Structures are given as structure tokens and as C-alpha cells.
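Before any comments, here is the structure.
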Amino acid sequence: MGVIPTQRETVSRPGGASARPGGLPARTRATLAGGSHAPGAARDLVHAALTEWSGLGLPGGEHLAGRLAEDAVLVVSELVTNAVVHAGTDIDLVCRLCLADDDEPEAYAVVVEVSDHHPSRAPRDGTPEPPRDTPEYGRGLQLVATLAEAWGVTYRRGRKTVWARLGPIAENTANAGQAYGDDAPMTAYTTAPAEAAPTAGTGTARPDAAPAARTTSTGTDTVPAATAGTDAPARLPVSTPHARDWLGRGALSFLAEASDLLAGQLDEDLVAALTGQLLVPRLADWCAVWLEDELSARGWGDGTGGPGPRLARVCHGGEHHIEELRRTLEKDPPHPSHPPDVAGSGPTPFPWPAEALGPGGSALAYRLIAGGRPLGTLVIGRAGLLRFPDEITGLVEDLGRRVALAIGAARQYARQVTISAVLQRGLLPGAVAEIPGLRSALVYEPREQGGPSGDFYDLFPAGHGRWCFAVGDVQGKGPEAAVVIGLARPWLRLLAREGYGVPDVLDRLNQLLLDDATEAADAAARAFVGPAGPADGPQTRFLSLLYGELVPFDGGVRCTLASAGHPLPLLLGPDGTVTTAAHPQTLLGVVEDATYTSETLELRPGDTLLCVTDGVTERRSGPRQFDDGDGLALALAGCAGLDADLIAERVRDLVHAFGDDPPEDDLALLVLQTE
């Protein structure tokens, strides 16, 4: 599930200002998938770009790799996190240099722009948007305002862009020091100038316009420029030394590191455990995380529904308090004060657990909400306080947004794994048939455990003293491959039980894939992965298949088989000789009216037939493949004298040991051995 830039464009013109004939000296852009990994990907992208640009010879460019770079990375992290939480769409990121001031042609500023595509965030033909219970901008943009010289919002139809400008960097050492020197005052907030404020629906905000006068932390409150007809952020207090410390780089660094730590977790209970480690004892003496889902929360509290939230984690600075604190908290879980669809994430008072910790303390509860859905509640507490300082409550609220995002991602992953596992079980036989006079062994390892695989197998009775086997590999992976397997395997069974021979089965399956199966696969795949683009027409699904029929007789088993574009089966004799047992033919689903042929051989006692997919033969170790130089035949020859299970296990072990990294493809092998 990693989230990485899906599009990236970088423009760099070395040589400083002289290299900028009316254009920008440097720019990078990317499109990020709107998930929990997006903030980390954005930070990496901006950091790499600024590091590269610091070597372009721009006036004051050495600051691009110092404090300015740190600020830009933290700002883009907040903006992308804000977009992920409130929009959930793909995110367009632009980072560029621009002129800081027309009066200083040799000074540049860094501009970052983060755009989302949430339809509900677009202006509606000049009609003001209705108020929302959850603010469009969390405290994250208050933090951005601390570090940015100016910031604003631009609305276009179907698109919203939040931009921030940092700088300038100038050739003049004194000017550079004022902006990013060691003794530079902390900027509390600077508004975008009036001429830069965007007009609803027009997208006229200018992040490269000249900034208003800088404002330092001297106790004044400032209000950001607001877009007409949109939600304006509340006035932001930034007056105390504590607030200045919180709004500075320490808090942003803490949140950025927390985002990285939480983003890679795919288990909601582990997210809850990490949340406790982040908060205790840094920001609180203890914390608790309740998790809930739609079923547990439905009707809870009025005696008509689910069991209520689950206390997933309790953390305290003193380990000896944890069990008693857990017992006390379980007696009185948090009760949301709002319906789930309008619940806010801000702090609300929570009863102090005096029974476990004694009197004297303050506790706050934060609803964990992602995508408009309540996921649980985070509670923090500290002894000896009448109330938490505002700077702590705001920081925990920001952390809560990230925790909710991580829990939501973990639950989505768990749902996908469950669906994939159910789908995979439906694509494979529930049991492998037992054949008189023949032993079988199977290895089946999808590359993504629990996910739909492109490989499949089957071994089933066909009636009238016949058994059939199949080992196949569908072009591609995921839902599209699963749909083709879901069609091919039942058709194999149906045709075999209707008495069709091996060549006739392949002929009919080939025509099926070229006709009805292709159309059905495209329709079903679109249901899984979304509508096709304008250039996406019906696509043929190729299938490589090794298919055979087994008929036991006195003294052995008669095997009739054919390989359609599949790795050829190998026959191991009792004396260790290895030969191929079929000849290559065309893939299924490629050539219309293709005619397939079969070959028949008799498996005598001690003979072994090995059938594999290309995950075995094409296993890589650098430039080499496992089957180079008849590697699979040599491996099988070394298995002479072993039974079917040991042969399957040994070949599997040799394939895994061939490369240092785990296999990059699905792996399936079937061993059939006469007794």
C-alpha cells in the first residue's frame, strides 16, 4: 500500500538570476495519492528539490539547504496532511522559486502549493458554501502561518489550492540574516496582502505577490486573508512564550515525525500503542485510546445496540498504575456529545479517574474522526492541573488528526485483506482430489499474502475413471486476473465433466477468453477499480495453462496433457533422468481459431511429473533466472528418490534461496508421482 508520487516534473536552470529570462529559475511538481504516506512523500520531494537548487548558484542560495529548507519541509507536511484529512483525493504538489519583491530583483522566495480535487470544496456558481461543523483548516494552518511569510487559498471549479511562501533569500547578507539568520525573530503570522486575496470562483490569489510587512511575536493577534464566501479561520492567538515555542519548529517536527511513525502501521491496535508512546510522558501523564466501528457504536448508550467502544490502549508514565487505570476507565467509556456525523475533534472535558489515580488532575477527550467517520476517542490526563495549556490541547488535537488518519488507513487495509482472502478462497479448490495409484504435492505462494493471485491450480475428478489437473497463470494481477480465473476454472471443470478431451477443452477455453470472458472481465474489473479512461477499451486477458487428464490403469497412470504458453512440465524417472513432457503452444486468449494438440505418456511406478508457473522458472538473482541453463531440470534431477512432498519442498526451497530478495512473482508448483 505505499504512496509515492505518481507524476513528477522538475525544471532547474543553473546560473542564478541571469538564467531566468522572464521565467522561474527552478520548479518541481508531483501528484501524490491521497493517503497516509502522502505527507512523507511530499517532505522527501521538497527536501530533495531544495537541496538540488542550493547548488544552482542563486543569490543567497546557500540558505535553501539550511533553515529555510527545514521550514519548507515542515510547511508542506502540514499542507498535505490537511488536504489528506479534509479532501482525501489525489494531491497536486508544486514547489518553486519566485521573485520575492520587484524592488529586489536578486532575491527569491520559496513557494509551495498543495491542491486537492474534492468536489464539495469547490465554489458553487458564486453561492457561498454552507458552514461545516468540522473546520476546513485545522490548527495545522495556524502552525503554517508561523513559518510562512504569506499564505492563502485559491478556489477554482473542482479544485482548491492552499499556498505558502517562505523567504526571501537574498544576496545581501543582512537581508538574508533578517529572514533566516541565527538571530532572526520568530514570525507569528503574516497575512497575504489585499491585492493577493483570492476571489471566490476565480482563483486569483498570487503567492508570488509582494508580502505585507512582517509581524513578530509581540502579543498581537492577526487574522489570515480569507476567501470571499468561504469559511474563514478563527482569529489565532499567538502571544505567550509557551505558544511561541509550540508554534515553532519543535511542534512541527514532532508532528512530522509522528506522521512518519504512524503512516507505515497497518494494525489499528499498534497505532493506538504508538499514540500512547508519543504522548506519555512528553505531553501527558497518561492517555487512553478507545476504538469503535459502525456496528459497535450503533445504538450504544441507549441500550438498543452494540457493545460500545473498545478500550484498545492505556498508557501511564508509571507502569504500576496501568491495570487499575484500565479497570476504572472501562467502567465509564467516553460518550460522544454529538451525533457521529457532526462530531467535532476538539477537546472536551473528561472525568478525572480519581478512583485509580487519586484526586487532583485534568483530563480531555478528543474524538478521532477521518473521512467524516468517527473511529474512536483519545483521552489524555495530567495530575496537578486545573486545565491543560492551550498550546498542549492544540498540539494533541493535531496529533489526533494524524492518529485518526492512520487508524482509518489500517482499517481500510484490513478490509482489503479480508475481501482479498475471501476472493482468493473462492478462486482455488477447497480440496485436492486423491487419485488411485498417484500421490500429489502442492506449493502455492501468492506474492501478496491474502491478495488475489494471477496463478491458480486445480486437481479434480472428471468422471468415468478420469481425473484432470491444471496449473495456470493469468496475465496481470489483482481483480482483473481474479475475474479471469473465476471464469476459467469452472469452465475447465464443466468441459472436462462433459467428456471433452484435452485439445477440445483448450480450444473452447481459448474462444471463451476471446469473446465473452474478455467483456465480462473488463466489466467486473471496472467494478473493482473504477471506470476506465477514454483510451481504455476492452483488453484481451492472456492465460498460460498446463492442462492434463489422468487415467489410472494396472501398472501406472496414463497422462494426456497440453501446454498453452506455459512452462513445460518435466518428467523425472526413477534413475534421475529428466525430460520435457510436452511441446510449447500458443497462449490462450491470443489467436482466434487456434487449434491445440495434446501428448500422451504413461507414468510408471516411481515416475514424477513436475508442473510449475513462471514464478519458479523466472525467479531472479540479478540478471540470472532460476531456469537459465536448465536450472529447473538440474534441481529436479537432484530430487531422485524423494517422495512427492519432499520434492515439492526442495524445489520451493531452492527457488527461494536463488535470490537474496523475496520472490517478486506468485509461485505455484504441482508434483504428481506414481506409487
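Convention: chains lettered A, B, ... in C-alpha cells order; per-chain residue numbering from 1; ligands numbered from 1 as shown.
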
Worksheet item: Tell me, which residues of stretch 458-495 of chain A carry DSSP strand (DSSP E), written as a ChimeraX atom specification?
Response: /A:458-463,466-474

Using N, CA and C atoms, can you write the selected residues to a file as a CSV table (one decimal), in the first residue's frame?
chain,number,residue,atom,x,y,z
A,458,ASP,N,-5.6,-26.7,-10.0
A,458,ASP,CA,-6.8,-27.5,-9.8
A,458,ASP,C,-6.5,-29.0,-10.0
A,459,LEU,N,-7.1,-29.8,-9.3
A,459,LEU,CA,-6.9,-31.3,-9.4
A,459,LEU,C,-8.3,-31.9,-9.0
A,460,PHE,N,-9.0,-32.4,-10.0
A,460,PHE,CA,-10.4,-32.8,-9.7
A,460,PHE,C,-10.8,-34.0,-10.5
A,461,PRO,N,-11.9,-34.7,-9.9
A,461,PRO,CA,-12.4,-35.9,-10.7
A,461,PRO,C,-13.3,-35.4,-11.8
A,462,ALA,N,-13.1,-36.1,-13.0
A,462,ALA,CA,-13.9,-35.7,-14.2
A,462,ALA,C,-14.9,-36.8,-14.5
A,463,GLY,N,-15.0,-37.9,-13.7
A,463,GLY,CA,-16.0,-38.9,-14.0
A,463,GLY,C,-15.4,-40.0,-15.0
A,466,ARG,N,-11.7,-40.9,-14.7
A,466,ARG,CA,-10.7,-39.9,-15.2
A,466,ARG,C,-10.6,-38.8,-14.1
A,467,TRP,N,-9.4,-38.2,-14.0
A,467,TRP,CA,-9.1,-37.1,-13.2
A,467,TRP,C,-8.4,-36.0,-14.0
A,468,CYS,N,-8.6,-34.8,-13.8
A,468,CYS,CA,-7.9,-33.7,-14.5
A,468,CYS,C,-7.2,-32.8,-13.6
A,469,PHE,N,-6.1,-32.2,-14.1
A,469,PHE,CA,-5.3,-31.2,-13.4
A,469,PHE,C,-5.0,-30.0,-14.2
A,470,ALA,N,-4.8,-28.9,-13.6
A,470,ALA,CA,-4.5,-27.6,-14.3
A,470,ALA,C,-3.6,-26.8,-13.4
A,471,VAL,N,-2.6,-26.2,-14.1
A,471,VAL,CA,-1.8,-25.1,-13.4
A,471,VAL,C,-1.7,-24.0,-14.4
A,472,GLY,N,-2.2,-22.8,-14.0
A,472,GLY,CA,-2.3,-21.7,-14.9
A,472,GLY,C,-1.8,-20.4,-14.4
A,473,ASP,N,-1.6,-19.4,-15.2
A,473,ASP,CA,-1.1,-18.1,-14.9
A,473,ASP,C,-1.8,-17.1,-15.8
A,474,VAL,N,-2.5,-16.1,-15.2
A,474,VAL,CA,-3.3,-15.1,-15.9
A,474,VAL,C,-2.4,-13.9,-16.0

Worksheet item: Quick one: residues within 7 Å of A:Arg382, only C-alpha atoms counted, chain neighbours fewer than 5 positions away excluded, as a PyMOL selection string?
Response: chain A and resi 284-286+361-363

Item to complete: Determine, counting only C-alpha atoms, which protein, DNA and RNA residues have an atom within 10 Å of an atom of A:Pro349; residues of the same chain fewer than 5 positions away are not included. Present the result as a PyMOL selection string.
Response: chain A and resi 362-366+379+387

Hey, can you spit out that residue selection with N, CA, C and O atoms as an mmCIF file, in the first residue's frame?
data_model
loop_
_atom_site.group_PDB
_atom_site.id
_atom_site.type_symbol
_atom_site.label_atom_id
_atom_site.label_comp_id
_atom_site.auth_asym_id
_atom_site.auth_seq_id
_atom_site.Cartn_x
_atom_site.Cartn_y
_atom_site.Cartn_z
ATOM 1 N N SER A 362 -6.431 16.947 35.525
ATOM 2 C CA SER A 362 -7.260 17.394 34.418
ATOM 3 C C SER A 362 -7.182 16.371 33.293
ATOM 4 O O SER A 362 -6.106 15.818 33.023
ATOM 5 N N ALA A 363 -8.309 16.103 32.644
ATOM 6 C CA ALA A 363 -8.348 15.149 31.537
ATOM 7 C C ALA A 363 -9.207 15.723 30.420
ATOM 8 O O ALA A 363 -10.196 16.418 30.672
ATOM 9 N N LEU A 364 -8.812 15.430 29.180
ATOM 10 C CA LEU A 364 -9.528 15.899 27.997
ATOM 11 C C LEU A 364 -9.753 14.733 27.043
ATOM 12 O O LEU A 364 -8.915 13.840 26.941
ATOM 13 N N ALA A 365 -10.868 14.777 26.331
ATOM 14 C CA ALA A 365 -11.191 13.749 25.338
ATOM 15 C C ALA A 365 -11.228 14.377 23.954
ATOM 16 O O ALA A 365 -11.752 15.482 23.773
ATOM 17 N N TYR A 366 -10.664 13.684 22.987
ATOM 18 C CA TYR A 366 -10.650 14.120 21.591
ATOM 19 C C TYR A 366 -11.295 13.024 20.742
ATOM 20 O O TYR A 366 -10.876 11.865 20.812
ATOM 21 N N VAL A 379 -8.088 10.087 24.959
ATOM 22 C CA VAL A 379 -8.188 10.806 26.231
ATOM 23 C C VAL A 379 -6.789 10.978 26.801
ATOM 24 O O VAL A 379 -5.989 10.029 26.812
ATOM 25 N N ARG A 387 -6.435 22.824 34.333
ATOM 26 C CA ARG A 387 -6.734 22.738 32.908
ATOM 27 C C ARG A 387 -5.426 22.632 32.129
ATOM 28 O O ARG A 387 -4.381 23.103 32.572
#

Discussion item. Residues within 7 Å of A:Val502, please, as a list in words. Count only C-alpha atoms; anything in the same chain fewer than 4 positions from it doesn't count.
Written reply: Leu506, Gly548, Glu549, Leu561 and Ser598 of chain A

Worksheet item: Which residue gives the smallest distance to A:Cys98 among A:Leu385, A:Leu166, A:Val73, A:Leu672, with only C-alpha atoms counted?
Response: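 Closest residue, counting only C-alpha atoms: A:Leu166.
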
Fill in: All residues 8 Å or closer to stretch 432-444 of chain A, only C-alpha atoms, same chain fewer than 3 positions away omitted, as a PyMOL selection string
chain A and resi 429+458-461+467+552+556-557+644-645+648-649+652+666-675

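When only C-alpha atoms are used to compute distances to A:Leu32, the closest of the residues A:Ala635, A:Val94, A:Ala69, A:Leu50 turns out to be A:Val94.
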